[in-house]
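Enquirer: mmCIF, C-alpha atoms and all ligand atoms, saved as upload22.cif, coming up:
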```cif
data_input
loop_
_atom_site.group_PDB
_atom_site.id
_atom_site.type_symbol
_atom_site.label_atom_id
_atom_site.label_comp_id
_atom_site.auth_asym_id
_atom_site.auth_seq_id
_atom_site.Cartn_x
_atom_site.Cartn_y
_atom_site.Cartn_z
ATOM 1 C CA MET A 1 -98.534 -140.308 -154.642
ATOM 2 C CA ALA A 2 -98.214 -144.080 -154.252
ATOM 3 C CA THR A 3 -99.802 -146.314 -156.885
ATOM 4 C CA ARG A 4 -103.506 -146.720 -156.322
ATOM 5 C CA PRO A 5 -105.543 -149.880 -156.950
ATOM 6 C CA ASP A 6 -107.893 -149.849 -159.931
ATOM 7 C CA ARG A 7 -111.171 -148.568 -158.721
ATOM 8 C CA PRO A 8 -114.492 -148.562 -160.520
ATOM 9 C CA ARG A 9 -115.206 -145.122 -161.913
ATOM 10 C CA SER A 10 -118.610 -143.531 -161.681
ATOM 11 C CA PRO A 11 -120.848 -144.133 -163.609
ATOM 12 C CA HIS A 12 -118.940 -147.365 -164.366
ATOM 13 C CA LEU A 13 -121.736 -149.934 -164.066
ATOM 14 C CA PHE A 14 -120.453 -153.433 -164.700
ATOM 15 C CA SER A 15 -117.962 -155.540 -162.746
ATOM 16 C CA GLY A 16 -118.464 -158.498 -165.100
ATOM 17 C CA PRO A 17 -121.054 -159.807 -167.536
ATOM 18 C CA LEU A 18 -124.389 -158.665 -166.054
ATOM 19 C CA ALA A 19 -122.718 -158.242 -162.642
ATOM 20 C CA LEU A 20 -123.449 -154.730 -161.463
ATOM 21 C CA HIS A 21 -121.470 -152.819 -158.869
ATOM 22 C CA TYR A 22 -124.822 -151.817 -157.454
ATOM 23 C CA ARG A 23 -127.727 -153.587 -155.791
ATOM 24 C CA TRP A 24 -130.876 -153.393 -157.896
ATOM 25 C CA SER A 25 -133.539 -151.039 -156.611
ATOM 26 C CA PRO A 26 -136.828 -149.888 -158.166
ATOM 27 C CA ALA A 27 -135.441 -146.364 -158.685
ATOM 28 C CA MET A 28 -132.356 -147.684 -160.473
ATOM 29 C CA ALA A 29 -134.469 -149.959 -162.647
ATOM 30 C CA ALA A 30 -136.837 -147.101 -163.537
ATOM 31 C CA SER A 31 -133.878 -144.908 -164.467
ATOM 32 C CA ILE A 32 -132.156 -147.549 -166.607
ATOM 33 C CA PHE A 33 -135.367 -148.490 -168.379
ATOM 34 C CA HIS A 34 -136.210 -144.837 -169.005
ATOM 35 C CA ARG A 35 -132.986 -144.567 -170.978
ATOM 36 C CA VAL A 36 -133.316 -147.962 -172.699
ATOM 37 C CA THR A 37 -136.930 -147.369 -173.769
ATOM 38 C CA GLY A 38 -136.214 -143.775 -174.860
ATOM 39 C CA ASP A 39 -133.251 -144.896 -176.975
ATOM 40 C CA GLY A 40 -135.214 -147.839 -178.380
ATOM 41 C CA MET A 41 -138.152 -145.670 -179.420
ATOM 42 C CA ALA A 42 -135.850 -142.986 -180.845
ATOM 43 C CA THR A 43 -134.073 -145.531 -183.086
ATOM 44 C CA VAL A 44 -136.215 -148.605 -183.829
ATOM 45 C CA GLY A 45 -139.513 -146.831 -183.150
ATOM 46 C CA THR A 46 -138.607 -143.844 -185.315
ATOM 47 C CA ALA A 47 -137.469 -146.072 -188.179
ATOM 48 C CA LEU A 48 -140.751 -148.012 -188.099
ATOM 49 C CA LEU A 49 -142.961 -144.918 -187.775
ATOM 50 C CA VAL A 50 -141.195 -143.186 -190.693
ATOM 51 C CA TRP A 51 -141.321 -146.363 -192.809
ATOM 52 C CA TRP A 52 -145.058 -146.744 -192.065
ATOM 53 C CA LEU A 53 -145.826 -143.110 -193.027
ATOM 54 C CA ALA A 54 -143.643 -143.241 -196.154
ATOM 55 C CA ALA A 55 -145.283 -146.526 -197.202
ATOM 56 C CA ILE A 56 -148.774 -145.031 -196.873
ATOM 57 C CA ALA A 57 -147.625 -142.079 -199.007
ATOM 58 C CA ALA A 58 -145.887 -144.292 -201.588
ATOM 59 C CA GLY A 59 -148.905 -146.471 -202.392
ATOM 60 C CA PRO A 60 -150.458 -149.951 -202.062
ATOM 61 C CA ASP A 61 -147.342 -151.930 -203.065
ATOM 62 C CA ALA A 62 -145.063 -150.165 -200.582
ATOM 63 C CA TYR A 63 -147.713 -150.537 -197.873
ATOM 64 C CA ALA A 64 -148.064 -154.267 -198.642
ATOM 65 C CA ALA A 65 -144.279 -154.657 -198.327
ATOM 66 C CA PHE A 66 -144.473 -153.043 -194.864
ATOM 67 C CA LEU A 67 -147.401 -155.229 -193.755
ATOM 68 C CA ASN A 68 -145.742 -158.408 -195.090
ATOM 69 C CA VAL A 69 -142.895 -158.085 -192.600
ATOM 70 C CA PHE A 70 -145.250 -158.059 -189.605
ATOM 71 C CA THR A 71 -148.374 -159.995 -190.647
ATOM 72 C CA HIS A 72 -149.476 -163.316 -192.143
ATOM 73 C CA ALA A 73 -151.389 -163.324 -195.439
ATOM 74 C CA ASP A 74 -154.699 -163.423 -193.494
ATOM 75 C CA GLY A 75 -153.845 -160.119 -191.806
ATOM 76 C CA GLY A 76 -153.008 -161.540 -188.365
ATOM 77 C CA LEU A 77 -149.682 -160.678 -186.728
ATOM 78 C CA ASN A 78 -146.755 -163.041 -187.362
ATOM 79 C CA PRO A 79 -144.083 -163.678 -184.668
ATOM 80 C CA ILE A 80 -142.071 -160.604 -185.734
ATOM 81 C CA GLY A 81 -145.233 -158.509 -185.577
ATOM 82 C CA TRP A 82 -146.042 -159.758 -182.078
ATOM 83 C CA VAL A 83 -142.531 -159.223 -180.686
ATOM 84 C CA VAL A 84 -142.050 -155.769 -182.239
ATOM 85 C CA GLY A 85 -145.626 -154.665 -181.489
ATOM 86 C CA VAL A 86 -145.682 -155.694 -177.828
ATOM 87 C CA ALA A 87 -142.102 -154.507 -177.177
ATOM 88 C CA LEU A 88 -142.756 -151.110 -178.734
ATOM 89 C CA THR A 89 -146.073 -150.484 -176.971
ATOM 90 C CA TRP A 90 -144.543 -151.565 -173.653
ATOM 91 C CA ALA A 91 -141.585 -149.218 -174.277
ATOM 92 C CA VAL A 92 -143.987 -146.328 -174.940
ATOM 93 C CA PHE A 93 -145.959 -146.981 -171.740
ATOM 94 C CA GLN A 94 -142.888 -147.617 -169.561
ATOM 95 C CA HIS A 95 -141.140 -144.444 -170.793
ATOM 96 C CA MET A 96 -144.365 -142.462 -170.405
ATOM 97 C CA MET A 97 -144.841 -143.660 -166.809
ATOM 98 C CA SER A 98 -141.207 -143.083 -165.748
ATOM 99 C CA GLY A 99 -141.314 -139.776 -167.666
ATOM 100 C CA ILE A 100 -144.330 -138.652 -165.641
ATOM 101 C CA ARG A 101 -142.432 -139.759 -162.527
ATOM 102 C CA HIS A 102 -139.591 -137.487 -163.678
ATOM 103 C CA LEU A 103 -141.989 -134.556 -163.989
ATOM 104 C CA VAL A 104 -143.408 -135.239 -160.513
ATOM 105 C CA MET A 105 -139.910 -135.370 -159.028
ATOM 106 C CA ASP A 106 -138.971 -132.138 -160.847
ATOM 107 C CA THR A 107 -141.459 -130.388 -158.561
ATOM 108 C CA GLY A 108 -139.425 -131.640 -155.599
ATOM 109 C CA ALA A 109 -141.965 -134.280 -154.618
ATOM 110 C CA ALA A 110 -141.547 -138.013 -154.001
ATOM 111 C CA PHE A 111 -137.963 -137.977 -152.724
ATOM 112 C CA GLU A 112 -138.896 -139.643 -149.398
ATOM 113 C CA LEU A 113 -137.417 -143.145 -149.502
ATOM 114 C CA LYS A 114 -140.646 -145.110 -149.241
ATOM 115 C CA THR A 115 -142.667 -142.925 -151.619
ATOM 116 C CA ASN A 116 -139.783 -142.894 -154.073
ATOM 117 C CA ARG A 117 -139.513 -146.684 -154.042
ATOM 118 C CA THR A 118 -143.253 -147.169 -154.430
ATOM 119 C CA LEU A 119 -143.573 -144.706 -157.296
ATOM 120 C CA ALA A 120 -140.635 -146.282 -159.162
ATOM 121 C CA ALA A 121 -142.126 -149.775 -158.761
ATOM 122 C CA LEU A 122 -145.544 -148.481 -159.844
ATOM 123 C CA THR A 123 -144.164 -147.349 -163.227
ATOM 124 C CA PHE A 124 -143.550 -151.021 -164.071
ATOM 125 C CA VAL A 125 -146.933 -152.199 -162.793
ATOM 126 C CA ALA A 126 -148.675 -149.460 -164.796
ATOM 127 C CA SER A 127 -146.733 -150.077 -168.018
ATOM 128 C CA VAL A 128 -147.478 -153.817 -167.963
ATOM 129 C CA LEU A 129 -151.179 -153.216 -167.215
ATOM 130 C CA LEU A 130 -151.491 -150.551 -169.949
ATOM 131 C CA THR A 131 -149.737 -152.760 -172.508
ATOM 132 C CA ALA A 132 -152.032 -155.678 -171.643
ATOM 133 C CA ALA A 133 -155.105 -153.415 -171.831
ATOM 134 C CA PHE A 134 -154.036 -152.050 -175.239
ATOM 135 C CA TRP A 135 -153.619 -155.516 -176.784
ATOM 136 C CA LEU A 136 -156.753 -156.915 -175.119
ATOM 137 C CA TYR A 137 -158.723 -154.016 -176.612
ATOM 138 C CA LEU A 138 -157.267 -154.770 -180.059
ATOM 139 C CA GLY A 139 -158.114 -158.445 -179.602
ATOM 140 C CA ILE A 140 -161.742 -158.087 -178.538
ATOM 141 C CA LYS A 141 -162.902 -155.020 -180.497
ATOM 142 C CA MET B 142 -133.227 -102.341 -170.097
ATOM 143 C CA THR B 143 -132.349 -104.936 -167.488
ATOM 144 C CA THR B 144 -129.849 -104.685 -164.703
ATOM 145 C CA GLN B 145 -126.738 -106.821 -165.000
ATOM 146 C CA ILE B 146 -127.900 -109.150 -162.250
ATOM 147 C CA GLY B 147 -131.277 -109.508 -163.985
ATOM 148 C CA ARG B 148 -129.580 -110.431 -167.219
ATOM 149 C CA VAL B 149 -127.502 -113.286 -165.784
ATOM 150 C CA ARG B 150 -129.843 -114.582 -163.107
ATOM 151 C CA GLY B 151 -130.632 -118.273 -163.676
ATOM 152 C CA LEU B 152 -128.192 -118.623 -166.564
ATOM 153 C CA GLY B 153 -125.184 -120.074 -164.744
ATOM 154 C CA SER B 154 -121.662 -120.146 -166.105
ATOM 155 C CA ALA B 155 -122.627 -121.682 -169.456
ATOM 156 C CA HIS B 156 -124.534 -118.499 -170.417
ATOM 157 C CA ALA B 157 -127.073 -120.685 -172.197
ATOM 158 C CA GLY B 158 -129.483 -121.183 -169.353
ATOM 159 C CA ALA B 159 -131.729 -124.146 -168.809
ATOM 160 C CA HIS B 160 -133.327 -124.273 -172.240
ATOM 161 C CA HIS B 161 -132.290 -127.826 -173.026
ATOM 162 C CA TRP B 162 -133.720 -129.160 -169.781
ATOM 163 C CA TRP B 163 -136.859 -127.012 -170.044
ATOM 164 C CA HIS B 164 -137.603 -127.994 -173.665
ATOM 165 C CA GLN B 165 -137.145 -131.654 -172.743
ATOM 166 C CA LYS B 166 -139.820 -131.226 -170.065
ATOM 167 C CA ILE B 167 -142.207 -129.209 -172.262
ATOM 168 C CA THR B 168 -141.999 -131.803 -175.041
ATOM 169 C CA ALA B 169 -142.483 -134.549 -172.430
ATOM 170 C CA GLY B 170 -145.867 -132.981 -171.698
ATOM 171 C CA THR B 171 -146.872 -132.522 -175.337
ATOM 172 C CA ASN B 172 -145.611 -136.051 -176.069
ATOM 173 C CA VAL B 173 -148.050 -137.507 -173.535
ATOM 174 C CA LEU B 174 -151.014 -135.884 -175.296
ATOM 175 C CA LEU B 175 -149.890 -136.736 -178.825
ATOM 176 C CA VAL B 176 -148.692 -140.287 -178.108
ATOM 177 C CA VAL B 177 -151.946 -141.123 -176.292
ATOM 178 C CA TRP B 178 -153.821 -139.675 -179.289
ATOM 179 C CA LEU B 179 -151.835 -141.869 -181.726
ATOM 180 C CA LEU B 180 -152.269 -145.072 -179.692
ATOM 181 C CA ALA B 181 -155.999 -144.429 -179.262
ATOM 182 C CA SER B 182 -156.406 -143.630 -182.973
ATOM 183 C CA ILE B 183 -154.584 -146.779 -184.046
ATOM 184 C CA ALA B 184 -156.567 -148.898 -181.599
ATOM 185 C CA ARG B 185 -159.867 -147.481 -182.860
ATOM 186 C CA LEU B 186 -159.183 -147.944 -186.590
ATOM 187 C CA PRO B 187 -161.725 -150.448 -188.016
ATOM 188 C CA ALA B 188 -158.995 -152.213 -190.059
ATOM 189 C CA TYR B 189 -155.333 -151.848 -191.052
ATOM 190 C CA ASP B 190 -155.485 -152.323 -194.835
ATOM 191 C CA TYR B 191 -154.066 -149.682 -197.197
ATOM 192 C CA THR B 192 -157.390 -148.007 -198.080
ATOM 193 C CA THR B 193 -158.532 -147.631 -194.469
ATOM 194 C CA VAL B 194 -155.213 -146.345 -193.161
ATOM 195 C CA ARG B 195 -154.716 -143.918 -196.077
ATOM 196 C CA LEU B 196 -158.229 -142.510 -195.712
ATOM 197 C CA TRP B 197 -157.574 -141.987 -191.999
ATOM 198 C CA LEU B 198 -154.287 -140.093 -192.593
ATOM 199 C CA HIS B 199 -155.938 -138.097 -195.410
ATOM 200 C CA SER B 200 -158.225 -136.458 -192.850
ATOM 201 C CA MET B 201 -157.023 -133.182 -191.318
ATOM 202 C CA TRP B 202 -158.076 -134.631 -187.949
ATOM 203 C CA ALA B 203 -155.255 -137.165 -188.281
ATOM 204 C CA ALA B 204 -152.734 -135.274 -190.462
ATOM 205 C CA VAL B 205 -152.483 -132.209 -188.191
ATOM 206 C CA PRO B 206 -151.856 -134.052 -184.890
ATOM 207 C CA MET B 207 -149.514 -136.438 -186.726
ATOM 208 C CA VAL B 208 -147.312 -133.519 -187.922
ATOM 209 C CA LEU B 209 -147.406 -132.094 -184.385
ATOM 210 C CA LEU B 210 -146.409 -135.507 -182.995
ATOM 211 C CA ILE B 211 -143.410 -135.695 -185.328
ATOM 212 C CA ALA B 212 -142.303 -132.189 -184.277
ATOM 213 C CA SER B 213 -142.755 -132.816 -180.540
ATOM 214 C CA VAL B 214 -141.379 -136.369 -180.372
ATOM 215 C CA PHE B 215 -138.436 -135.781 -182.723
ATOM 216 C CA TYR B 216 -137.339 -132.583 -180.935
ATOM 217 C CA HIS B 217 -137.714 -134.461 -177.621
ATOM 218 C CA PHE B 218 -135.564 -137.430 -178.651
ATOM 219 C CA ARG B 219 -133.033 -135.131 -180.329
ATOM 220 C CA LEU B 220 -132.569 -133.445 -176.924
ATOM 221 C CA GLY B 221 -132.637 -136.796 -175.124
ATOM 222 C CA LEU B 222 -130.089 -138.560 -177.315
ATOM 223 C CA GLN B 223 -127.782 -135.541 -176.941
ATOM 224 C CA VAL B 224 -127.644 -136.257 -173.203
ATOM 225 C CA VAL B 225 -126.922 -139.929 -173.864
ATOM 226 C CA ILE B 226 -124.110 -139.024 -176.284
ATOM 227 C CA GLU B 227 -122.646 -136.557 -173.766
ATOM 228 C CA ASP B 228 -122.624 -139.334 -171.161
ATOM 229 C CA TYR B 229 -120.809 -141.958 -173.225
ATOM 230 C CA ALA B 230 -118.941 -140.288 -176.111
ATOM 231 C CA HIS B 231 -116.006 -137.941 -175.640
ATOM 232 C CA LYS B 232 -113.741 -135.711 -177.719
ATOM 233 C CA GLU B 233 -113.922 -136.369 -181.488
ATOM 234 C CA ASN B 234 -116.456 -139.176 -181.053
ATOM 235 C CA ARG B 235 -118.876 -136.844 -179.348
ATOM 236 C CA PHE B 236 -118.498 -134.291 -182.149
ATOM 237 C CA VAL B 237 -119.159 -136.893 -184.850
ATOM 238 C CA MET B 238 -122.077 -138.481 -182.972
ATOM 239 C CA MET B 239 -123.760 -135.102 -182.497
ATOM 240 C CA ILE B 240 -123.567 -134.364 -186.217
ATOM 241 C CA LEU B 241 -124.922 -137.829 -187.045
ATOM 242 C CA LEU B 242 -127.747 -137.296 -184.548
ATOM 243 C CA ASN B 243 -128.730 -133.982 -186.168
ATOM 244 C CA VAL B 244 -128.586 -135.462 -189.671
ATOM 245 C CA PHE B 245 -130.629 -138.511 -188.597
ATOM 246 C CA THR B 246 -133.285 -136.400 -186.879
ATOM 247 C CA ALA B 247 -133.620 -133.914 -189.753
ATOM 248 C CA ALA B 248 -133.766 -136.628 -192.423
ATOM 249 C CA ALA B 249 -136.310 -138.737 -190.540
ATOM 250 C CA ALA B 250 -138.470 -135.686 -189.755
ATOM 251 C CA ALA B 251 -138.423 -134.522 -193.382
ATOM 252 C CA ILE B 252 -139.471 -137.943 -194.727
ATOM 253 C CA ALA B 253 -142.220 -138.257 -192.121
ATOM 254 C CA ILE B 254 -143.689 -134.767 -192.608
ATOM 255 C CA VAL B 255 -143.556 -134.818 -196.418
ATOM 256 C CA SER B 256 -145.237 -138.262 -196.362
ATOM 257 C CA ILE B 257 -148.042 -136.989 -194.125
ATOM 258 C CA LEU B 258 -148.581 -133.884 -196.275
ATOM 259 C CA LYS B 259 -148.540 -135.930 -199.491
ATOM 260 C CA VAL B 260 -151.356 -138.109 -198.157
ATOM 261 C CA ALA B 261 -153.227 -135.154 -196.639
ATOM 262 C CA PHE B 262 -153.152 -133.088 -199.841
ATOM 263 C CA GLY B 263 -153.450 -136.075 -202.199
ATOM 264 C CA ALA B 264 -156.566 -137.670 -203.663
ATOM 265 C CA ALA B 265 -159.045 -139.094 -201.143
ATOM 266 C CA ALA B 266 -158.690 -142.724 -202.233
HETATM 267 C C1 LIG A 301 -144.994 -140.388 -173.991
HETATM 268 C C2 LIG A 301 -144.620 -139.350 -173.310
HETATM 269 C C3 LIG A 301 -143.186 -139.077 -172.914
HETATM 270 C C4 LIG A 301 -142.802 -138.559 -171.717
HETATM 271 C C5 LIG A 301 -143.711 -138.170 -170.547
HETATM 272 C C6 LIG A 301 -141.355 -138.453 -171.755
HETATM 273 C C7 LIG A 301 -140.605 -137.929 -170.713
HETATM 274 C C8 LIG A 301 -139.245 -137.790 -170.720
HETATM 275 C C9 LIG A 301 -138.479 -137.069 -169.736
HETATM 276 C C10 LIG A 301 -139.037 -136.345 -168.518
HETATM 277 C C11 LIG A 301 -137.164 -137.162 -170.097
HETATM 278 C C12 LIG A 301 -135.978 -136.526 -169.393
HETATM 279 C C13 LIG A 301 -135.382 -137.427 -168.408
HETATM 280 C C14 LIG A 301 -134.298 -136.732 -167.645
HETATM 281 O O1 LIG A 301 -134.407 -135.522 -167.369
HETATM 282 O O2 LIG A 301 -133.304 -137.415 -167.305
HETATM 283 C C15 LIG A 301 -137.104 -137.965 -171.302
HETATM 284 C C16 LIG A 301 -135.940 -138.345 -171.933
HETATM 285 C C17 LIG A 301 -135.891 -139.014 -173.139
HETATM 286 N N1 LIG A 301 -136.964 -139.347 -173.943
HETATM 287 FE FE1 LIG A 301 -138.908 -139.122 -173.447
HETATM 288 N N2 LIG A 301 -140.893 -138.906 -172.956
HETATM 289 C C18 LIG A 301 -141.979 -139.289 -173.718
HETATM 290 C C19 LIG A 301 -141.928 -139.811 -175.002
HETATM 291 C C20 LIG A 301 -140.772 -140.122 -175.698
HETATM 292 C C21 LIG A 301 -140.718 -140.688 -177.030
HETATM 293 C C22 LIG A 301 -141.928 -141.043 -177.865
HETATM 294 C C23 LIG A 301 -139.386 -140.862 -177.340
HETATM 295 C C24 LIG A 301 -138.714 -141.420 -178.585
HETATM 296 C C25 LIG A 301 -139.271 -141.606 -179.747
HETATM 297 C C26 LIG A 301 -138.595 -140.400 -176.211
HETATM 298 C C27 LIG A 301 -137.216 -140.425 -176.134
HETATM 299 C C28 LIG A 301 -136.475 -139.975 -175.074
HETATM 300 C C29 LIG A 301 -135.033 -140.068 -174.985
HETATM 301 C C30 LIG A 301 -134.103 -140.713 -176.002
HETATM 302 C C31 LIG A 301 -134.673 -139.478 -173.769
HETATM 303 C C32 LIG A 301 -133.271 -139.357 -173.170
HETATM 304 C C33 LIG A 301 -133.097 -140.492 -172.195
HETATM 305 C C34 LIG A 301 -131.923 -140.349 -171.283
HETATM 306 O O3 LIG A 301 -131.371 -139.242 -171.082
HETATM 307 O O4 LIG A 301 -131.529 -141.392 -170.741
HETATM 308 N N3 LIG A 301 -139.472 -139.950 -175.237
HETATM 309 N N4 LIG A 301 -138.379 -138.331 -171.670
#
```
Using the file provided, produce a representation of the structure as structure tokens.

Expert:
Amino acid sequence: MATRPDRPRSPHLFSGPLALHYRWSPAMAASIFHRVTGDGMATVGTALLVWWLAAIAAGPDAYAAFLNVFTHADGGLNPIGWVVGVALTWAVFQHMMSGIRHLVMDTGAAFELKTNRTLAALTFVASVLLTAAFWLYLGIK
Amino acid sequence: MTTQIGRVRGLGSAHAGAHHWWHQKITAGTNVLLVVWLLASIARLPAYDYTTVRLWLHSMWAAVPMVLLIASVFYHFRLGLQVVIEDYAHKENRFVMMILLNVFTAAAAAIAIVSILKVAFGAAA
């Protein structure tokens, strides 16, 4: 066979820094963010959850060391606390919404182009609204 | 007794069937319940100081769902990360990554569950 030109291999994604071979679509974004948020929760989220539980079990000093990373002395969140807290809650809601979309599609539903697009876009709307609602509730309670 | 066709139906050529996929979906469902429970519980705590949080986790009403959450979520992400590793790591790398994943999941689960039980069975304050 004659020499063939280099072709992108599936699922080869990038043709340069941030330049995708593909045109963005809601379904592609939902899929990528399902993986990113799942991986993020499984690594960073797991580490923080285990640290939090172990600190509660270890006693007041260990718990204070945990709190000190994320809060000011007055108990309010510091910048790290805000970034980690909002990012993690958004990741939970986004993964939950695209996960429910997965379960819906497993039944064979929502493959029609328009419905599929709408449902994928809705996962982002819902995750942002739920994250905002969660933090508003914390703020006003 | 099953017929030969009954024995292999739905299993495909891997002979292992769809357990990985099915368990990922089952834990997705249990995750929804348990994660919503955790977020709601955290949001409704009156404060986040050591005494309040410890007293909360000391209660069976928090300790039991928390152990269930660790089991459901950790099994779920163990299955999920396996798929990610199979997508990107090959040959020896895949073998090593899978072992690291199992060690990470088991170690994290053990620390989490023992911590919960220590608080649950420990003194109230
Ligand atoms: C809150 C409820 C949740 C739902 C409804 C859910 C749903 C799902 C579903 C349906 C899948 C399979 C996707 C597929 O078949 O391709 C999945 C994958 C995954 N989930 Fe979840 N999940 C939830 C919570 C979590 C949590 C809390 C974590 C981590 C701590 C997590 C980590 C993962 C990972 C790492 C994957 C693999 C992602 C991939 O293959 O790209 N999930 N989830």

Enquirer: Nearest to chain B: which of A:Ser15, A:Thr123, A:Asn78, A:Thr131 is it, counting all atoms listed in the file?

Expert: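 Smallest separation from chain B among the options: A:Thr131.
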
Enquirer: Using all atoms listed in the file, find which residues of chain B lie within 7 Å of chain A and jot them down as a tab-separated table (two decimals) with C-alpha atoms, in the frame of the given file.

Expert:
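Resulting contents of selection.tsv:
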```tsv
chain	number	residue	atom	x	y	z
B	173	VAL	CA	-148.05	-137.51	-173.54
B	184	ALA	CA	-156.57	-148.90	-181.60
B	191	TYR	CA	-154.07	-149.68	-197.20
B	195	ARG	CA	-154.72	-143.92	-196.08
B	218	PHE	CA	-135.56	-137.43	-178.65
B	249	ALA	CA	-136.31	-138.74	-190.54
B	252	ILE	CA	-139.47	-137.94	-194.73
B	253	ALA	CA	-142.22	-138.26	-192.12
B	256	SER	CA	-145.24	-138.26	-196.36
B	257	ILE	CA	-148.04	-136.99	-194.12
B	259	LYS	CA	-148.54	-135.93	-199.49
B	260	VAL	CA	-151.36	-138.11	-198.16
```

Enquirer: Considering only C-alpha atoms and all ligand atoms, state which residue in the set B:Thr144, B:Ser182, B:Gln223, B:Ser200 is at the smallest distance from ligand LIG 301 (chain A).

Expert: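 Result for the nearest residue to ligand LIG 301 (chain A): B:Gln223.
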
Enquirer: Just say which residues the PyMOL selection byres (((chain B and resi 169) around 12) and not hetatm) picks in this file, as a ChimeraX atom specification.

Expert: /A:38,95-104 /B:162-168,170-176,210,213-218,220-221

Enquirer: Store the residues picked out above, limited to C-alpha atoms, as a compact mmCIF listing (two decimals), in the frame of the given file.

Expert:
```txt
# COMPACT_ATOMS: atom_id res chain seq x y z
CA GLY A 38 -136.21 -143.78 -174.86
CA HIS A 95 -141.14 -144.44 -170.79
CA MET A 96 -144.36 -142.46 -170.40
CA MET A 97 -144.84 -143.66 -166.81
CA SER A 98 -141.21 -143.08 -165.75
CA GLY A 99 -141.31 -139.78 -167.67
CA ILE A 100 -144.33 -138.65 -165.64
CA ARG A 101 -142.43 -139.76 -162.53
CA HIS A 102 -139.59 -137.49 -163.68
CA LEU A 103 -141.99 -134.56 -163.99
CA VAL A 104 -143.41 -135.24 -160.51
CA TRP B 162 -133.72 -129.16 -169.78
CA TRP B 163 -136.86 -127.01 -170.04
CA HIS B 164 -137.60 -127.99 -173.66
CA GLN B 165 -137.15 -131.65 -172.74
CA LYS B 166 -139.82 -131.23 -170.06
CA ILE B 167 -142.21 -129.21 -172.26
CA THR B 168 -142.00 -131.80 -175.04
CA GLY B 170 -145.87 -132.98 -171.70
CA THR B 171 -146.87 -132.52 -175.34
CA ASN B 172 -145.61 -136.05 -176.07
CA VAL B 173 -148.05 -137.51 -173.54
CA LEU B 174 -151.01 -135.88 -175.30
CA LEU B 175 -149.89 -136.74 -178.82
CA VAL B 176 -148.69 -140.29 -178.11
CA LEU B 210 -146.41 -135.51 -183.00
CA SER B 213 -142.76 -132.82 -180.54
CA VAL B 214 -141.38 -136.37 -180.37
CA PHE B 215 -138.44 -135.78 -182.72
CA TYR B 216 -137.34 -132.58 -180.94
CA HIS B 217 -137.71 -134.46 -177.62
CA PHE B 218 -135.56 -137.43 -178.65
CA LEU B 220 -132.57 -133.44 -176.92
CA GLY B 221 -132.64 -136.80 -175.12
```

Enquirer: Report the distance between CA of Met105 in chain A and atom O1 of ligand LIG 301 (chain A) in Å, rounded to one decimal place.

Expert: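 Interatomic distance here is 10.0 Å.
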
Enquirer: With all atoms listed in the file as the atoms that count, which of A:Gly85, A:Trp90, A:Asn68, A:Arg4 lies nearest to ligand LIG 301 (chain A)?

Expert: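 Looking at the shortest contact to ligand LIG 301 (chain A), the residue is A:Trp90.
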
Enquirer: Can you tell me how far CA of Thr71 in chain A sits from CA of Pro187 in chain B, in Å to one decimal?

Expert: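 These two atoms are separated by 16.6 Å.
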
Enquirer: Box time for ligand LIG 301 (chain A): axis-aligned, enclosing all its listed atoms, 3 Å extra on each side; report centre and edge lengths in Å to one decimal, as JSON.

Expert:
```
{"center_x": -138.2, "center_y": -138.6, "center_z": -173.5, "size_x": 19.6, "size_y": 12.1, "size_z": 18.4}
```

Enquirer: Restricting the calculation to all atoms listed in the file, which member of A:Ala73, A:Ala27, A:Ala91, A:Ala65 is positioned closest to ligand LIG 301 (chain A)?

Expert: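 Ranked by minimum distance to ligand LIG 301 (chain A), first place goes to A:Ala91.
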
Enquirer: One number please: CA of Ala265 in chain B to CA of Met207 in chain B, in Å, one decimal.

Expert: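 Straight-line distance from CA of Ala265 in chain B to CA of Met207 in chain B works out to 17.5 Å.
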
Enquirer: Name the closest residue to ligand LIG 301 (chain A) among the candidates A:His34, A:Arg117, A:His72, A:His12; distances are taken between atoms, counting all atoms listed in the file.

Expert: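 Smallest distance to ligand LIG 301 (chain A) is found for A:His34.
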
Enquirer: Of the candidates B:Ala261, B:Leu196, B:Val255, B:Ile211, which one gets nearest to ligand LIG 301 (chain A) if we count all atoms listed in the file?

Expert: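 Result for the nearest residue to ligand LIG 301 (chain A): B:Ile211.
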
Enquirer: Find the spatial neighbours of Met239 in chain B, counting all atoms listed in the file, within a cut-off of 12 Å - ignore same-chain residues fewer than 2 positions away - and output them as a list in words.

Expert: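 Within the cut-off, the hits are Arg219, Leu220, Gly221, Leu222, Gln223, Val224, Val225, Ile226, Glu227, Tyr229, Ala230, His231, Lys232, Glu233, Asn234, Arg235, Phe236, Val237, Leu241, Leu242, Asn243, Val244, Phe245 and Thr246 of chain B.
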
Enquirer: Could you write out the selected residues, including C-alpha atoms, as a short mmCIF file (atom, residue, chain, number, x, y, z; two decimals), in the coordinates of the input?

Expert:
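The result, stored in again_8.cif:
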```cif
data_model
loop_
_atom_site.label_atom_id
_atom_site.label_comp_id
_atom_site.auth_asym_id
_atom_site.auth_seq_id
_atom_site.Cartn_x
_atom_site.Cartn_y
_atom_site.Cartn_z
CA ARG B 219 -133.03 -135.13 -180.33
CA LEU B 220 -132.57 -133.44 -176.92
CA GLY B 221 -132.64 -136.80 -175.12
CA LEU B 222 -130.09 -138.56 -177.32
CA GLN B 223 -127.78 -135.54 -176.94
CA VAL B 224 -127.64 -136.26 -173.20
CA VAL B 225 -126.92 -139.93 -173.86
CA ILE B 226 -124.11 -139.02 -176.28
CA GLU B 227 -122.65 -136.56 -173.77
CA TYR B 229 -120.81 -141.96 -173.22
CA ALA B 230 -118.94 -140.29 -176.11
CA HIS B 231 -116.01 -137.94 -175.64
CA LYS B 232 -113.74 -135.71 -177.72
CA GLU B 233 -113.92 -136.37 -181.49
CA ASN B 234 -116.46 -139.18 -181.05
CA ARG B 235 -118.88 -136.84 -179.35
CA PHE B 236 -118.50 -134.29 -182.15
CA VAL B 237 -119.16 -136.89 -184.85
CA LEU B 241 -124.92 -137.83 -187.04
CA LEU B 242 -127.75 -137.30 -184.55
CA ASN B 243 -128.73 -133.98 -186.17
CA VAL B 244 -128.59 -135.46 -189.67
CA PHE B 245 -130.63 -138.51 -188.60
CA THR B 246 -133.28 -136.40 -186.88
#
```
